There are 2 protein chains.
Amino acid sequence: MSDRIADSDKKGLTRADEVRLAIEEDIFLGRLRPGTRLDEESLAQRFNISRTPIREAILQLVHAGLVEKQPRHGAVVAPLKLHRMVQMFEVMSEIEGLCARFAARRMSEEEKQALKRLHEASNAHMKARELDAYYAVNREFHEAIQAGSHNEPLQEIARGLFARLAPYRRYQLNHPSRINDSFDEHGGVVDAILAGDPEAAYTAMRRHVTIQIDIFAEFVSIMGGNGIQ
Amino acid sequence: MSDRIADSDKKGLTRADEVRLAIEEDIFLGRLRPGTRLDEESLAQRFNISRTPIREAILQLVHAGLVEKQPRHGAVVAPLKLHRMVQMFEVMSEIEGLCARFAARRMSEEEKQALKRLHEASNAHMKARELDAYYAVNREFHEAIQAGSHNEPLQEIARGLFARLAPYRRYQLNHPSRINDSFDEHGGVVDAILAGDPEAAYTAMRRHVTIQIDIFAEFVSIMGGNGIQ
DNA sequence: TGTCCATCTCTTGTATACAGAGTGGGACAG
DNA sequence: CTGTCCCACTCTGTATACAAGAGATGGACA
């Protein structure tokens with residue numbers, strides 16, 4: 001783990017913000033597993049600052065849903081319960097479907113072209129079997145559509161769900177043929193949005209995310225639920 | 001304003017939590033208008049505690065979306081911009097519609113009967129023109145359906161949106177005939193849920209909330225946007 | 001030997017003190 | 001008279017010190 005915060009991008013951010021970003025990344029990248037205790041004192045030592053900004057960072061993470069906290073009992077990285085995770089995917093599919101529906105109606109020509117380019121870029125990564133690169137573009141793809149909804153509260157909800165699911169979502173693309181199917185599903189979404197067909201976009205996106213639930217369920221059944229709690 | 005926190009219900013709550021609840025109530029009840037500056041020092045004096053828990057409370061409010069904050073620039077009660085508020089209602093109608101759709105599929109017989117009783121109770125308040133009572137039952141009605149979705153993350157999203165819109169929503173039922181129409185629309189939702197018809201429930205609920213947007217837009221046009229920013 | 005109680009320690013919650021950034025006002029120059 | 005620059009004050013961000021609650025450990029008694 002980076003025991004120090006990069007000296008770059010320190011513009012306008014408080015220490016608390018920097019710590020929050022660092023811990024967020026640790027959670028996303030799996031360096032901090034769900035269930036891990038977040039001790040204020042040791043975090044303070046790790047970042048060479050006092051406990052005050054650490055506490056603020058933890059509070060922010062609590063409200064982002066990444067961390068759970070009970071008074072006088074400390075904070076732990078949120079151990080998503082299985083049924084709750086399935087519920088979140090369920091909501092996510094609807095929210096993203098909604099984003100796609102709005103995007104089909106509201107995206108500007110420039111936004112549509114940018115989306116198309118993103119999709120084409122992911123095509124290259126798919127053929128080259130570059131999993132990490134595909135995963136990165138995949139995220140950009142979904143974010144582009146969320147932004148295309150031109151509805152900020154909706155984007156915030158989507159981002160929040162995405163953030164909470166991110167630690168688990170990365171397992172999905174390990175499924176052998178998944179990356180190809182994912183690309184094809186994206187294609188359907190892109191076509192519907194470019195054609196300006198809201199309902200088709202909604203259906204395609206909703207289906208795309210719903211499939212991820214199935215993949216995830218399969219992953220869980222293989223794992224036997226271990227390591228997830 | 002209550003300059004002191006009630007000695008009751010102090011179980012398991014930190015000072016920060018108490019302050020947060022107090023400020024939340026002030027915002028909901030309009031005692032703290034959007035745009036009002038939240039000065040840490042004066043709040044600390046008002047509650048007779050130090051700035052530390054005040055800061056924590058403000059942070060929590062920031063993440064609930066009720067307060068905005070920029071580094072080194074303090075916190076103000078979130079001044080909802082008009083277009084953003086419309087966007088929130090837009091999302092709210094979809095979220096509540098979604099809740100209704102799930103509720104139609106998942107509500108137990110007990111939950112359905114409880115919902116029916118709530119609706120009948122609101123009928124009495126409508127006929128007696130008891131606006132406040134109707135407003136209270138109305139909230140219970142929506143919460144019952146949200147709970148009926150049996151999807152916790154979805155409920156949290158709905159609650160969050162409701163909380164952020166609450167300071168403004170109360171104007172809506174002032175519209176003369178609104179209360180009757182509202183009751184009729186609720187009736188449609190109840191019928192669909194009791195019949196176990198997800199799509200009808202979704203449509204009825206979505207329409208019910210969408211109408212609120214129109215009422216709200218009308219209210220705003222009368223106000224000329226003053227006092228809302 | 002097992003159980004219960006007390007104390008001790010560890011961690012969180014709160015207070016207070018200090019540092020640094022922003023803002024506003026006043027003074028001086030044009 | 002007006003504009004600009006500098007100084008001071010105010011408020012936020014951070015550090016540190018203190019208090020209090022929860023859990024653990026050890027001893028004593030049954």
# chains A, B, ... in the order shown; residues from 1 in each chain; ligands from 1
$ closest_atom_pairs --of "chain A" --to "chain C" --cutoff "9 Å" --atoms "only C-alpha atoms (C1' of nucleotides)" --output "tab-separated table"
residue	atom	partner	partner_atom	distance
A:Asp39	CA	C:DT11	C1'	8.3
A:Glu40	CA	C:DT11	C1'	8.5
A:Glu41	CA	C:DT11	C1'	8.6
A:Pro71	CA	C:DT12	C1'	7.9
A:Arg72	CA	C:DT12	C1'	5.3
A:His73	CA	C:DT12	C1'	7.3
A:Gly74	CA	C:DT12	C1'	6.9
$ interface_residues --of "chain D" --to "chain A" --cutoff "9 Å" --atoms "only C-alpha atoms (C1' of nucleotides)" --output "short mmCIF file (atom, residue, chain, number, x, y, z; two decimals) with N, CA and C atoms (P, O5', C5', C4', C3', O3' and C1' of nucleotides), in the first residue's frame"
data_model
loop_
_atom_site.label_atom_id
_atom_site.label_comp_id
_atom_site.auth_asym_id
_atom_site.auth_seq_id
_atom_site.Cartn_x
_atom_site.Cartn_y
_atom_site.Cartn_z
P DG D 13 -12.83 23.17 6.10
"O5'" DG D 13 -11.35 22.83 6.61
"C5'" DG D 13 -10.27 23.20 5.78
"C4'" DG D 13 -8.97 22.76 6.43
"C3'" DG D 13 -8.92 21.29 6.84
"O3'" DG D 13 -7.63 20.77 6.51
"C1'" DG D 13 -8.48 22.66 8.71
P DT D 14 -7.32 19.23 6.74
"O5'" DT D 14 -6.46 19.29 8.08
"C5'" DT D 14 -5.23 20.02 8.08
"C4'" DT D 14 -4.61 19.98 9.45
"C3'" DT D 14 -4.44 18.58 10.05
"O3'" DT D 14 -3.06 18.37 10.28
"C1'" DT D 14 -5.36 20.11 11.64
P DA D 15 -2.54 16.99 10.87
"O5'" DA D 15 -2.30 17.42 12.38
"C5'" DA D 15 -1.48 18.55 12.64
"C4'" DA D 15 -1.40 18.81 14.14
"C3'" DA D 15 -1.07 17.58 15.00
"O3'" DA D 15 -0.05 17.91 15.91
"C1'" DA D 15 -3.06 18.63 15.79
P DT D 16 0.69 16.75 16.69
"O5'" DT D 16 0.06 16.85 18.15
"C5'" DT D 16 0.01 18.12 18.79
"C4'" DT D 16 -0.92 18.09 19.98
"C3'" DT D 16 -0.77 16.87 20.90
"O3'" DT D 16 -0.81 17.33 22.24
"C1'" DT D 16 -3.01 17.19 20.36
P DG D 21 -19.49 6.80 29.53
"O5'" DG D 21 -19.78 5.58 28.56
"C5'" DG D 21 -19.80 5.80 27.15
"C4'" DG D 21 -19.15 4.63 26.44
"C3'" DG D 21 -19.58 3.27 26.98
"O3'" DG D 21 -19.86 2.42 25.87
"C1'" DG D 21 -17.23 3.41 26.95
P DA D 22 -20.75 1.11 26.02
"O5'" DA D 22 -19.79 0.02 25.38
"C5'" DA D 22 -19.03 0.36 24.22
"C4'" DA D 22 -17.97 -0.70 23.97
"C3'" DA D 22 -18.37 -2.10 24.40
"O3'" DA D 22 -17.90 -3.03 23.45
"C1'" DA D 22 -16.41 -1.45 25.54
#
$ atom_distance --atom1 "atom CA of Ala104 of chain B" --atom2 "atom CA of His186 of chain B"
13.8 Å
$ residues_around --residues "segment 132-139 of chain A" --least-positions-apart "5" --cutoff "7 Å" --atoms "only C-alpha atoms (C1' of nucleotides)" --output "PDB file with N, CA, C and O atoms, in the first residue's frame"
ATOM      1  N   LEU A 118     -15.702   5.148 -28.103  1.00  0.00           N
ATOM      2  CA  LEU A 118     -15.374   4.326 -26.933  1.00  0.00           C
ATOM      3  C   LEU A 118     -15.646   2.859 -27.237  1.00  0.00           C
ATOM      4  O   LEU A 118     -14.831   1.984 -26.926  1.00  0.00           O
ATOM      5  N   SER A 122     -13.019  -0.355 -27.345  1.00  0.00           N
ATOM      6  CA  SER A 122     -13.129  -1.580 -26.556  1.00  0.00           C
ATOM      7  C   SER A 122     -13.062  -2.803 -27.466  1.00  0.00           C
ATOM      8  O   SER A 122     -12.640  -3.877 -27.034  1.00  0.00           O
ATOM      9  N   HIS A 125      -9.505  -3.831 -27.693  1.00  0.00           N
ATOM     10  CA  HIS A 125      -9.054  -4.486 -26.462  1.00  0.00           C
ATOM     11  C   HIS A 125      -9.615  -5.899 -26.365  1.00  0.00           C
ATOM     12  O   HIS A 125      -8.960  -6.808 -25.867  1.00  0.00           O
ATOM     13  N   MET A 126     -10.845  -6.072 -26.849  1.00  0.00           N
ATOM     14  CA  MET A 126     -11.455  -7.390 -26.797  1.00  0.00           C
ATOM     15  C   MET A 126     -10.654  -8.369 -27.665  1.00  0.00           C
ATOM     16  O   MET A 126     -10.277  -9.451 -27.219  1.00  0.00           O
TER      17      MET A 126
END
$ atom_distance --atom1 "atom CA of Phe89 of chain B" --atom2 "atom CA of Arg106 of chain A"
17.3 Å
$ interface_residues --of "chain A" --to "chain B" --cutoff "8 Å" --atoms "only C-alpha atoms" --output "list in words"
Gly12, Leu13, Thr14, Glu56, Leu59, Gln60, His63, Ala64, Pro71, Arg84, Gln87, Met88, Val91, Asn151, Glu152, Pro153, Leu154 and Ile157 of chain A
$ closest_residue --among "A:Lys127, A:Arg207, A:Lys69, A:Arg105" --to "Val189 of chain A" --atoms "only C-alpha atoms"
A:Arg207
$ select_by_dssp --residues "segment 24-142 of chain B" --states "strand (DSSP E)" --output "ChimeraX atom specification"
/B:37-38,67-70,74-77
$ write_last_selection --atoms "C-alpha atoms" --output "PDB file, in the first residue's frame"
ATOM      1  CA  ARG B  37     -24.556  29.790   6.104  1.00  0.00           C
ATOM      2  CA  LEU B  38     -23.716  27.148   8.713  1.00  0.00           C
ATOM      3  CA  VAL B  67     -25.698  20.894   2.792  1.00  0.00           C
ATOM      4  CA  GLU B  68     -23.002  22.027   0.392  1.00  0.00           C
ATOM      5  CA  LYS B  69     -19.449  22.641   1.360  1.00  0.00           C
ATOM      6  CA  GLN B  70     -16.281  23.821  -0.330  1.00  0.00           C
ATOM      7  CA  GLY B  74     -17.668  26.843   4.820  1.00  0.00           C
ATOM      8  CA  ALA B  75     -21.002  25.112   4.532  1.00  0.00           C
ATOM      9  CA  VAL B  76     -24.393  26.414   3.434  1.00  0.00           C
ATOM     10  CA  VAL B  77     -27.805  24.775   3.365  1.00  0.00           C
TER      11      VAL B  77
END
$ atom_distance --atom1 "atom CA of Ala192 of chain B" --atom2 "atom CA of Gln113 of chain B"
13.2 Å
